[in-house]
Structure formats: C-alpha cells, structure tokens
>>> print(open('target_21.csv').read())   # CSV, C-alpha atoms and all ligand atoms
chain,number,residue,atom,x,y,z
A,1,MET,CA,-18.4,16.7,2.7
A,2,ARG,CA,-18.1,16.9,-1.0
A,3,ASP,CA,-17.1,14.0,-3.3
A,4,GLU,CA,-16.1,15.7,-6.6
A,5,PRO,CA,-14.7,12.6,-8.3
A,6,ARG,CA,-17.9,10.6,-7.7
A,7,LEU,CA,-20.0,13.6,-8.7
A,8,LEU,CA,-18.2,13.9,-12.0
A,9,ALA,CA,-18.6,10.2,-12.7
A,10,SER,CA,-22.3,10.5,-11.9
A,11,LEU,CA,-22.8,13.5,-14.1
A,12,HIS,CA,-21.1,11.7,-17.0
A,13,GLN,CA,-23.5,8.8,-16.5
A,14,ARG,CA,-26.7,10.8,-16.0
A,15,LEU,CA,-26.5,13.8,-18.3
A,16,SER,CA,-26.7,14.2,-22.0
A,17,PRO,CA,-23.5,15.7,-23.7
A,18,SER,CA,-25.1,19.1,-24.0
A,19,ARG,CA,-26.4,19.1,-20.4
A,20,LEU,CA,-22.9,18.1,-19.2
A,21,ALA,CA,-21.3,20.9,-21.2
A,22,HIS,CA,-23.8,23.3,-19.7
A,23,SER,CA,-23.0,22.1,-16.2
A,24,LEU,CA,-19.3,22.5,-16.8
A,25,ASN,CA,-19.9,26.0,-18.0
A,26,VAL,CA,-22.2,26.9,-15.1
A,27,ALA,CA,-19.4,25.6,-12.7
A,28,ASP,CA,-16.9,27.9,-14.4
A,29,SER,CA,-19.3,30.9,-14.2
A,30,ALA,CA,-20.1,30.2,-10.6
A,31,ALA,CA,-16.4,30.1,-9.7
A,32,ALA,CA,-15.8,33.4,-11.5
A,33,LEU,CA,-18.8,35.1,-9.8
A,34,ALA,CA,-17.8,33.6,-6.4
A,35,ARG,CA,-14.3,35.1,-6.8
A,36,CYS,CA,-15.8,38.5,-7.7
A,37,HIS,CA,-18.3,38.5,-4.8
A,38,GLY,CA,-16.2,37.0,-2.1
A,39,VAL,CA,-17.9,33.6,-2.0
A,40,ASP,CA,-16.1,30.2,-1.5
A,41,GLU,CA,-15.0,29.5,-5.1
A,42,LEU,CA,-14.7,25.7,-4.7
A,43,ALA,CA,-18.2,25.4,-3.2
A,44,ALA,CA,-19.6,27.5,-6.0
A,45,TYR,CA,-17.8,25.4,-8.6
A,46,PHE,CA,-19.1,22.1,-7.0
A,47,ALA,CA,-22.7,23.5,-6.8
A,48,GLY,CA,-22.5,24.7,-10.4
A,49,LEU,CA,-21.3,21.3,-11.6
A,50,ALA,CA,-24.1,19.5,-9.7
A,51,HIS,CA,-27.0,21.9,-10.1
A,52,ASP,CA,-28.7,20.0,-13.0
A,53,ILE,CA,-27.8,16.5,-12.0
A,54,CYS,CA,-31.4,15.3,-12.3
A,55,LYS,CA,-32.3,17.4,-15.3
A,56,CYS,CA,-32.3,14.5,-17.7
A,57,ASP,CA,-34.3,12.2,-15.4
A,58,SER,CA,-38.0,11.4,-16.0
A,59,VAL,CA,-40.6,13.3,-13.9
A,60,ASP,CA,-41.4,10.0,-12.3
A,61,ASN,CA,-37.8,9.6,-11.1
A,62,MET,CA,-37.6,13.1,-9.8
A,63,THR,CA,-40.8,12.6,-8.0
A,64,ARG,CA,-39.6,9.3,-6.6
A,65,ILE,CA,-36.4,10.8,-5.3
A,66,LEU,CA,-38.3,13.6,-3.6
A,67,LYS,CA,-40.9,11.2,-2.1
A,68,ASN,CA,-38.1,9.1,-0.7
A,69,SER,CA,-36.7,12.1,1.1
A,70,GLY,CA,-40.1,13.2,2.6
A,71,TYR,CA,-40.4,16.3,0.4
A,72,THR,CA,-43.7,18.3,0.6
A,73,PHE,CA,-44.8,19.1,-2.9
A,74,LEU,CA,-46.6,22.3,-3.8
A,75,ASP,CA,-49.4,22.0,-6.4
A,76,CYS,CA,-47.4,23.9,-9.0
A,77,GLU,CA,-44.5,21.5,-8.7
A,78,CYS,CA,-46.4,18.3,-9.3
A,79,GLY,CA,-45.5,16.8,-12.7
A,80,ASN,CA,-43.4,19.9,-13.5
A,81,ALA,CA,-39.9,18.9,-14.6
A,82,LYS,CA,-38.7,22.5,-14.8
A,83,LEU,CA,-39.4,22.9,-11.1
A,84,LEU,CA,-38.8,19.4,-9.7
A,85,HIS,CA,-35.3,18.8,-11.1
A,86,ALA,CA,-33.8,21.4,-8.7
A,87,PRO,CA,-34.9,20.0,-5.4
A,88,ALA,CA,-34.6,16.4,-6.8
A,89,GLY,CA,-31.0,17.1,-7.6
A,90,ALA,CA,-30.3,18.4,-4.1
A,91,GLU,CA,-31.9,15.3,-2.5
A,92,PHE,CA,-30.1,13.0,-4.9
A,93,LEU,CA,-26.7,14.4,-3.8
A,94,ARG,CA,-27.6,14.0,-0.2
A,95,LEU,CA,-29.1,10.5,-0.5
A,96,GLU,CA,-26.1,9.4,-2.6
A,97,ARG,CA,-23.7,10.9,-0.1
A,98,LEU,CA,-22.1,13.1,-2.7
A,99,CYS,CA,-22.5,16.2,-0.6
A,100,ASN,CA,-24.0,17.1,2.8
A,101,GLU,CA,-23.3,20.8,2.9
A,102,ALA,CA,-26.5,22.8,3.5
A,103,ASP,CA,-25.4,25.9,1.5
A,104,ILE,CA,-24.5,23.8,-1.6
A,105,LEU,CA,-27.7,21.7,-1.3
A,106,ASN,CA,-29.8,24.9,-1.0
A,107,ALA,CA,-28.0,26.5,-4.0
A,108,MET,CA,-29.1,23.5,-6.0
A,109,ARG,CA,-32.6,23.3,-4.5
A,110,TYR,CA,-33.4,27.0,-5.3
A,111,HIS,CA,-31.5,27.4,-8.6
A,112,THR,CA,-34.7,27.7,-10.7
A,113,THR,CA,-36.9,29.8,-8.4
A,114,GLY,CA,-34.7,31.7,-6.0
A,115,ARG,CA,-36.2,32.3,-2.5
A,116,ALA,CA,-36.4,35.1,0.0
A,117,GLY,CA,-33.2,35.3,2.1
A,118,MET,CA,-31.0,33.5,-0.4
A,119,SER,CA,-27.4,33.1,0.7
A,120,LEU,CA,-24.6,34.6,-1.4
A,121,LEU,CA,-23.7,31.1,-2.7
A,122,GLU,CA,-27.4,30.6,-3.7
A,123,LYS,CA,-27.4,33.9,-5.6
A,124,VAL,CA,-24.1,33.0,-7.4
A,125,VAL,CA,-25.4,29.6,-8.6
A,126,PHE,CA,-28.7,31.1,-9.6
A,127,MET,CA,-27.0,33.7,-11.8
A,128,ALA,CA,-24.2,31.4,-13.0
A,129,ASP,CA,-26.9,29.2,-14.6
A,130,LEU,CA,-28.2,32.2,-16.6
A,131,ILE,CA,-24.9,33.6,-17.8
A,132,SER,CA,-23.0,30.4,-18.6
A,133,ALA,CA,-20.8,30.5,-21.7
A,134,GLU,CA,-23.3,28.8,-24.1
A,135,ARG,CA,-26.3,31.1,-23.2
A,136,ASP,CA,-27.2,33.3,-26.1
A,137,TYR,CA,-30.6,34.9,-25.3
A,138,PRO,CA,-30.9,38.6,-26.4
A,139,ASP,CA,-30.0,40.2,-23.0
A,140,VAL,CA,-27.3,37.8,-22.0
A,141,ASP,CA,-24.4,40.4,-22.2
A,142,ILE,CA,-26.3,42.9,-20.1
A,143,VAL,CA,-27.1,40.2,-17.5
A,144,ARG,CA,-23.5,38.9,-17.5
A,145,LYS,CA,-22.1,42.4,-16.8
A,146,LEU,CA,-24.8,43.1,-14.2
A,147,ALA,CA,-24.1,39.7,-12.4
A,148,PHE,CA,-20.5,40.8,-11.7
A,149,ALA,CA,-21.2,44.5,-11.0
A,150,ASP,CA,-24.4,44.1,-8.9
A,151,LEU,CA,-25.5,40.6,-7.9
A,152,ASP,CA,-28.8,41.7,-6.3
A,153,GLY,CA,-29.5,44.0,-9.3
A,154,ALA,CA,-29.0,41.1,-11.7
A,155,LEU,CA,-31.3,38.9,-9.7
A,156,ARG,CA,-34.0,41.5,-9.7
A,157,TYR,CA,-33.6,42.0,-13.4
A,158,VAL,CA,-33.9,38.3,-14.3
A,159,LEU,CA,-36.7,37.5,-11.8
A,160,ARG,CA,-38.8,40.4,-13.2
A,161,TYR,CA,-38.2,38.9,-16.7
A,162,ILE,CA,-38.9,35.3,-15.6
A,163,ILE,CA,-42.1,36.3,-13.8
A,164,SER,CA,-43.5,38.4,-16.7
A,165,ASP,CA,-42.5,35.7,-19.2
A,166,LEU,CA,-44.3,33.0,-17.2
A,167,THR,CA,-47.3,35.3,-16.7
A,168,GLY,CA,-47.4,36.0,-20.5
A,169,ASN,CA,-47.3,32.2,-21.2
A,170,GLY,CA,-50.1,31.6,-18.7
A,171,GLU,CA,-47.7,29.4,-16.6
A,172,THR,CA,-47.8,29.2,-12.8
A,173,ILE,CA,-45.2,31.3,-11.0
A,174,HIS,CA,-43.6,29.5,-8.1
A,175,PRO,CA,-44.3,31.4,-4.8
A,176,ASN,CA,-40.5,31.3,-4.0
A,177,SER,CA,-39.8,33.5,-7.0
A,178,VAL,CA,-42.4,36.1,-6.0
A,179,GLU,CA,-41.2,36.1,-2.5
A,180,CYS,CA,-37.6,36.4,-3.7
A,181,LEU,CA,-38.4,39.5,-5.8
A,182,GLU,CA,-40.3,41.1,-2.9
A,183,TRP,CA,-37.4,40.4,-0.6
A,184,LEU,CA,-34.9,41.9,-3.0
A,185,ASP,CA,-37.1,45.0,-3.5
A,186,SER,CA,-37.3,45.5,0.3
A,187,LEU,CA,-33.5,45.5,0.7
A,188,PRO,CA,-32.0,48.9,1.4
A,201,FE,FE,-31.7,23.7,-13.8
A,202,FE,FE,-28.9,24.7,-15.6
>>> encode(input="target_21.csv", output="structure tokens")
Amino acid sequence: MRDEPRLLASLHQRLSPSRLAHSLNVADSAAALARCHGVDELAAYFAGLAHDICKCDSVDNMTRILKNSGYTFLDCECGNAKLLHAPAGAEFLRLERLCNEADILNAMRYHTTGRAGMSLLEKVVFMADLISAERDYPDVDIVRKLAFADLDGALRYVLRYIISDLTGNGETIHPNSVECLEWLDSLP
C-alpha cells in the first residue's frame, strides 16, 4: 500500500521549500536510476519523495516517533539528527499508514548509512539522494555517471568517501556503513 496524494500533502506540510525541492529531485533521480537498473520505477519515485519526510523535525520528535515504534537505538544514533531522520521517516510512513511496503520502508530507513545486503531499491534510493539535480559537490558528475554505469561501484566510491570524511572530522561511523562497504568489497 502506497498513498502518494497523502504523502505529497504531508511533505508540503512538514518540509521546508528547499527540502521539498530536494525530495522532488531525489524522486526523479531514483526513478531514472530504477529504469536504468531494472527496479520498480514507481516504488523508487515514491521512496525518493518520502526519504527525508522527517528531516525538518526536531531530534526530540524523531526520537519520539522511533520510541513509539519500539526502535532499538544505537549509542551513535542518540541525539544525532543526521542518523535519526532516516529510520524516523520510515516509521512515520508506517504509523501514518502512508506506506506499508517493506522494501520502500527499508530504502528510507537505510538511506544515510546503507547496510550489508541492501536490495536494489535501497541502493537506488541511497545513490539518488547523492546525485539529485541540486547537488553540486566537486565529484558529483563522476558519481552521477558511475551510479548509472555501475551501481555497486558508485556505492563503494561514496561509502569510502563518507567513511574517510567522518573519520577526518572525528565523527562516529555508523556500523551499517562499515558493514555495507565490507559486504560490497566481498562481492564477486
Ligand atoms: Fe536524508
Ligand atoms: Fe536527502
């Protein structure tokens, strides 16, 4: 079940104009990547639209949503909006009956960290978030091309960058990201 009209109304209500524009761009990128990699385009578009639905919430609200759904917090997640908005968004969608499809909810839940054994839809949404039209970091054109040519290669490329960047800043690396990179490196 997916309720796109109610999702759009909720996004307009909950997100800042720039976050809404980002979400629409991520949805477009996710659909394009899905078409390229043989993934359900409509599911990818929906997940892209929804992925940051809790991004403009307070940390307290993200925490409350997750507590209500019985979420088990890792130490590195507590008080960390960057990490909490992803699982909070997935739980928000489920609790508000906007979507109950496991693959879409997982694509939202793991869009900032990745995880070992990601589905194709999860990979598409993860990469779509990093190549959306408004992104302009130095490597974005390389990452865009790679995401269409070699989805796993693109994931490896960005995860290595994310992990070294977080390490350089003295920030905690989520274990899912480390496990995701190890998993990708172990693939034939
Ligand atoms: Fe996000
Ligand atoms: Fe995003």
>>> residues_near_ligand(input="target_21.csv", ligand="ligand FE 201 (chain A)", cutoff="6 Å", atoms="all atoms listed in the file", output="number ranges by chain")
A: 52, 86, 112
>>> write_last_selection(input="target_21.csv", atoms="C-alpha atoms", output="PDB file, in the coordinates of the input")
ATOM      1  CA  ASP A  52     -28.700  20.000 -13.000  1.00  0.00           C
ATOM      2  CA  ALA A  86     -33.800  21.400  -8.700  1.00  0.00           C
ATOM      3  CA  THR A 112     -34.700  27.700 -10.700  1.00  0.00           C
TER       4      THR A 112
END
>>> closest_atom_pairs(input="target_21.csv", of="chain A", to="ligand FE 202 (chain A)", cutoff="12 Å", atoms="all atoms listed in the file", output="Markdown table")
| residue | atom | partner | partner_atom | distance |
| --- | --- | --- | --- | --- |
| A:Leu15 | CA | A:FE202 | FE | 11.5 |
| A:Ser18 | CA | A:FE202 | FE | 10.8 |
| A:Arg19 | CA | A:FE202 | FE | 7.8 |
| A:Leu20 | CA | A:FE202 | FE | 9.6 |
| A:Ala21 | CA | A:FE202 | FE | 10.2 |
| A:His22 | CA | A:FE202 | FE | 6.7 |
| A:Ser23 | CA | A:FE202 | FE | 6.5 |
| A:Leu24 | CA | A:FE202 | FE | 9.9 |
| A:Asn25 | CA | A:FE202 | FE | 9.4 |
| A:Val26 | CA | A:FE202 | FE | 7.1 |
| A:Ala27 | CA | A:FE202 | FE | 10.0 |
| A:Ser29 | CA | A:FE202 | FE | 11.5 |
| A:Ala30 | CA | A:FE202 | FE | 11.5 |
| A:Ala47 | CA | A:FE202 | FE | 10.8 |
| A:Gly48 | CA | A:FE202 | FE | 8.2 |
| A:Leu49 | CA | A:FE202 | FE | 9.2 |
| A:Ala50 | CA | A:FE202 | FE | 9.2 |
| A:His51 | CA | A:FE202 | FE | 6.5 |
| A:Asp52 | CA | A:FE202 | FE | 5.4 |
| A:Ile53 | CA | A:FE202 | FE | 9.0 |
| A:Cys54 | CA | A:FE202 | FE | 10.3 |
| A:Lys55 | CA | A:FE202 | FE | 8.1 |
| A:Cys56 | CA | A:FE202 | FE | 11.0 |
| A:Lys82 | CA | A:FE202 | FE | 10.1 |
| A:Leu83 | CA | A:FE202 | FE | 11.6 |
| A:His85 | CA | A:FE202 | FE | 9.8 |
| A:Ala86 | CA | A:FE202 | FE | 9.1 |
| A:Gly89 | CA | A:FE202 | FE | 11.2 |
| A:Ala107 | CA | A:FE202 | FE | 11.8 |
| A:Met108 | CA | A:FE202 | FE | 9.7 |
| A:Arg109 | CA | A:FE202 | FE | 11.8 |
| A:Tyr110 | CA | A:FE202 | FE | 11.5 |
| A:His111 | CA | A:FE202 | FE | 7.9 |
| A:Thr112 | CA | A:FE202 | FE | 8.2 |
| A:Thr113 | CA | A:FE202 | FE | 11.9 |
| A:Val125 | CA | A:FE202 | FE | 9.2 |
| A:Phe126 | CA | A:FE202 | FE | 8.8 |
| A:Met127 | CA | A:FE202 | FE | 10.0 |
| A:Ala128 | CA | A:FE202 | FE | 8.6 |
| A:Asp129 | CA | A:FE202 | FE | 5.0 |
| A:Leu130 | CA | A:FE202 | FE | 7.6 |
| A:Ile131 | CA | A:FE202 | FE | 10.0 |
| A:Ser132 | CA | A:FE202 | FE | 8.7 |
| A:Ala133 | CA | A:FE202 | FE | 11.7 |
| A:Glu134 | CA | A:FE202 | FE | 11.0 |
| A:Arg135 | CA | A:FE202 | FE | 10.3 |
>>> residues_around(input="target_21.csv", residues="Ile104 in chain A", least_positions_apart="5", cutoff="9 Å", atoms="all atoms listed in the file", output="PyMOL selection string")
chain A and resi 43-44+46-47+90+99+109+121-122
>>> atom_distance(input="target_21.csv", atom1="CA of Leu42 in chain A", atom2="CA of Gly153 in chain A")
24.0 Å
>>> residues_around(input="target_21.csv", residues="range 161-173 of chain A", least_positions_apart="4", cutoff="9 Å", atoms="only C-alpha atoms", output="PyMOL selection string")
chain A and resi 76+113+156-157+177-178
>>> atom_distance(input="target_21.csv", atom1="CA of His37 in chain A", atom2="CA of Leu146 in chain A")
12.3 Å
>>> closest_residue(input="target_21.csv", among="A:Ala81, A:Cys180, A:Val143, A:Leu93", to="Ser69 in chain A", atoms="all atoms listed in the file")
A:Leu93
>>> residues_around(input="target_21.csv", residues="Asn68 in chain A", least_positions_apart="2", cutoff="12 Å", atoms="all atoms listed in the file", output="ChimeraX atom specification")
/A:61-66,70-72,88,91-92,94-95
>>> atom_distance(input="target_21.csv", atom1="CA of Ala149 in chain A", atom2="CA of Gly114 in chain A")
19.3 Å
>>> closest_residue(input="target_21.csv", among="A:Met1, A:Ser186, A:Val140, A:Val124", to="Asp28 in chain A", atoms="only C-alpha atoms")
A:Val124
>>> closest_residue(input="target_21.csv", among="A:Glu77, A:Pro188, A:Tyr45, A:Leu151", to="Ala31 in chain A", atoms="only C-alpha atoms")
A:Tyr45
>>> decode(input="target_21.csv", residues="range 76-91 of chain A", atoms="all heavy atoms", output="PDB file, in the first residue's frame")
ATOM      1  N   CYS A  76      25.455   5.627  18.857  1.00  0.00           N
ATOM      2  CA  CYS A  76      25.836   6.671  17.893  1.00  0.00           C
ATOM      3  C   CYS A  76      24.622   7.381  17.299  1.00  0.00           C
ATOM      4  O   CYS A  76      24.755   8.454  16.696  1.00  0.00           O
ATOM      5  CB  CYS A  76      26.714   6.096  16.780  1.00  0.00           C
ATOM      6  SG  CYS A  76      25.866   4.908  15.715  1.00  0.00           S
ATOM      7  N   GLU A  77      23.432   6.805  17.458  1.00  0.00           N
ATOM      8  CA  GLU A  77      22.226   7.413  16.882  1.00  0.00           C
ATOM      9  C   GLU A  77      21.560   8.416  17.828  1.00  0.00           C
ATOM     10  O   GLU A  77      20.863   9.330  17.367  1.00  0.00           O
ATOM     11  CB  GLU A  77      21.203   6.323  16.532  1.00  0.00           C
ATOM     12  CG  GLU A  77      21.673   5.397  15.417  1.00  0.00           C
ATOM     13  CD  GLU A  77      20.739   4.222  15.195  1.00  0.00           C
ATOM     14  OE1 GLU A  77      20.045   3.800  16.155  1.00  0.00           O
ATOM     15  OE2 GLU A  77      20.706   3.708  14.077  1.00  0.00           O
ATOM     16  N   CYS A  78      21.782   8.239  19.124  1.00  0.00           N
ATOM     17  CA  CYS A  78      21.057   9.062  20.108  1.00  0.00           C
ATOM     18  C   CYS A  78      21.394  10.541  19.928  1.00  0.00           C
ATOM     19  O   CYS A  78      22.569  10.921  19.932  1.00  0.00           O
ATOM     20  CB  CYS A  78      21.391   8.602  21.525  1.00  0.00           C
ATOM     21  SG  CYS A  78      20.769   6.950  21.848  1.00  0.00           S
ATOM     22  N   GLY A  79      20.380  11.345  19.737  1.00  0.00           N
ATOM     23  CA  GLY A  79      20.564  12.797  19.585  1.00  0.00           C
ATOM     24  C   GLY A  79      21.164  13.209  18.249  1.00  0.00           C
ATOM     25  O   GLY A  79      21.466  14.382  18.046  1.00  0.00           O
ATOM     26  N   ASN A  80      21.333  12.257  17.320  1.00  0.00           N
ATOM     27  CA  ASN A  80      22.001  12.552  16.043  1.00  0.00           C
ATOM     28  C   ASN A  80      20.961  12.648  14.912  1.00  0.00           C
ATOM     29  O   ASN A  80      20.524  11.639  14.365  1.00  0.00           O
ATOM     30  CB  ASN A  80      23.025  11.436  15.766  1.00  0.00           C
ATOM     31  CG  ASN A  80      23.876  11.716  14.535  1.00  0.00           C
ATOM     32  OD1 ASN A  80      23.441  12.413  13.622  1.00  0.00           O
ATOM     33  ND2 ASN A  80      25.073  11.168  14.526  1.00  0.00           N
ATOM     34  N   ALA A  81      20.590  13.891  14.574  1.00  0.00           N
ATOM     35  CA  ALA A  81      19.529  14.108  13.581  1.00  0.00           C
ATOM     36  C   ALA A  81      19.882  13.521  12.217  1.00  0.00           C
ATOM     37  O   ALA A  81      19.017  13.011  11.502  1.00  0.00           O
ATOM     38  CB  ALA A  81      19.254  15.597  13.447  1.00  0.00           C
ATOM     39  N   LYS A  82      21.184  13.594  11.869  1.00  0.00           N
ATOM     40  CA  LYS A  82      21.638  13.072  10.576  1.00  0.00           C
ATOM     41  C   LYS A  82      21.298  11.593  10.438  1.00  0.00           C
ATOM     42  O   LYS A  82      20.954  11.115   9.369  1.00  0.00           O
ATOM     43  CB  LYS A  82      23.165  13.208  10.505  1.00  0.00           C
ATOM     44  CG  LYS A  82      23.693  14.253   9.563  1.00  0.00           C
ATOM     45  CD  LYS A  82      25.165  13.936   9.317  1.00  0.00           C
ATOM     46  CE  LYS A  82      26.005  15.169   9.381  1.00  0.00           C
ATOM     47  NZ  LYS A  82      27.450  14.875   9.293  1.00  0.00           N
ATOM     48  N   LEU A  83      21.450  10.863  11.551  1.00  0.00           N
ATOM     49  CA  LEU A  83      21.180   9.425  11.529  1.00  0.00           C
ATOM     50  C   LEU A  83      19.717   9.101  11.826  1.00  0.00           C
ATOM     51  O   LEU A  83      19.152   8.192  11.224  1.00  0.00           O
ATOM     52  CB  LEU A  83      22.086   8.692  12.533  1.00  0.00           C
ATOM     53  CG  LEU A  83      23.584   8.715  12.212  1.00  0.00           C
ATOM     54  CD1 LEU A  83      24.383   8.100  13.350  1.00  0.00           C
ATOM     55  CD2 LEU A  83      23.874   7.983  10.897  1.00  0.00           C
ATOM     56  N   LEU A  84      19.094   9.854  12.736  1.00  0.00           N
ATOM     57  CA  LEU A  84      17.737   9.500  13.185  1.00  0.00           C
ATOM     58  C   LEU A  84      16.650   9.802  12.154  1.00  0.00           C
ATOM     59  O   LEU A  84      15.614   9.148  12.133  1.00  0.00           O
ATOM     60  CB  LEU A  84      17.397  10.237  14.488  1.00  0.00           C
ATOM     61  CG  LEU A  84      18.143   9.780  15.742  1.00  0.00           C
ATOM     62  CD1 LEU A  84      17.741  10.658  16.927  1.00  0.00           C
ATOM     63  CD2 LEU A  84      17.871   8.309  16.060  1.00  0.00           C
ATOM     64  N   HIS A  85      16.879  10.803  11.279  1.00  0.00           N
ATOM     65  CA  HIS A  85      15.777  11.195  10.381  1.00  0.00           C
ATOM     66  C   HIS A  85      15.399  10.077   9.412  1.00  0.00           C
ATOM     67  O   HIS A  85      14.256  10.014   8.958  1.00  0.00           O
ATOM     68  CB  HIS A  85      16.109  12.484   9.616  1.00  0.00           C
ATOM     69  CG  HIS A  85      16.995  12.297   8.430  1.00  0.00           C
ATOM     70  ND1 HIS A  85      18.356  12.215   8.510  1.00  0.00           N
ATOM     71  CD2 HIS A  85      16.691  12.128   7.109  1.00  0.00           C
ATOM     72  CE1 HIS A  85      18.858  12.045   7.312  1.00  0.00           C
ATOM     73  NE2 HIS A  85      17.884  11.975   6.438  1.00  0.00           N
ATOM     74  N   ALA A  86      16.351   9.171   9.130  1.00  0.00           N
ATOM     75  CA  ALA A  86      16.075   8.111   8.147  1.00  0.00           C
ATOM     76  C   ALA A  86      15.143   7.034   8.732  1.00  0.00           C
ATOM     77  O   ALA A  86      14.042   6.818   8.190  1.00  0.00           O
ATOM     78  CB  ALA A  86      17.385   7.529   7.633  1.00  0.00           C
ATOM     79  N   PRO A  87      15.520   6.391   9.862  1.00  0.00           N
ATOM     80  CA  PRO A  87      14.571   5.427  10.429  1.00  0.00           C
ATOM     81  C   PRO A  87      13.286   6.094  10.931  1.00  0.00           C
ATOM     82  O   PRO A  87      12.203   5.498  10.830  1.00  0.00           O
ATOM     83  CB  PRO A  87      15.355   4.787  11.590  1.00  0.00           C
ATOM     84  CG  PRO A  87      16.489   5.699  11.891  1.00  0.00           C
ATOM     85  CD  PRO A  87      16.803   6.393  10.593  1.00  0.00           C
ATOM     86  N   ALA A  88      13.379   7.343  11.429  1.00  0.00           N
ATOM     87  CA  ALA A  88      12.156   8.035  11.886  1.00  0.00           C
ATOM     88  C   ALA A  88      11.187   8.216  10.714  1.00  0.00           C
ATOM     89  O   ALA A  88       9.978   8.031  10.864  1.00  0.00           O
ATOM     90  CB  ALA A  88      12.506   9.383  12.508  1.00  0.00           C
ATOM     91  N   GLY A  89      11.721   8.557   9.542  1.00  0.00           N
ATOM     92  CA  GLY A  89      10.874   8.739   8.355  1.00  0.00           C
ATOM     93  C   GLY A  89      10.155   7.449   7.987  1.00  0.00           C
ATOM     94  O   GLY A  89       8.961   7.462   7.662  1.00  0.00           O
ATOM     95  N   ALA A  90      10.895   6.340   8.027  1.00  0.00           N
ATOM     96  CA  ALA A  90      10.288   5.045   7.690  1.00  0.00           C
ATOM     97  C   ALA A  90       9.167   4.718   8.676  1.00  0.00           C
ATOM     98  O   ALA A  90       8.072   4.293   8.278  1.00  0.00           O
ATOM     99  CB  ALA A  90      11.352   3.947   7.696  1.00  0.00           C
ATOM    100  N   GLU A  91       9.412   4.942   9.957  1.00  0.00           N
ATOM    101  CA  GLU A  91       8.388   4.641  10.977  1.00  0.00           C
ATOM    102  C   GLU A  91       7.206   5.594  10.861  1.00  0.00           C
ATOM    103  O   GLU A  91       6.061   5.193  11.046  1.00  0.00           O
ATOM    104  CB  GLU A  91       8.995   4.700  12.390  1.00  0.00           C
ATOM    105  CG  GLU A  91       9.947   3.572  12.688  1.00  0.00           C
ATOM    106  CD  GLU A  91       9.374   2.195  12.359  1.00  0.00           C
ATOM    107  OE1 GLU A  91       8.163   1.958  12.586  1.00  0.00           O
ATOM    108  OE2 GLU A  91      10.120   1.350  11.837  1.00  0.00           O
TER     109      GLU A  91
END
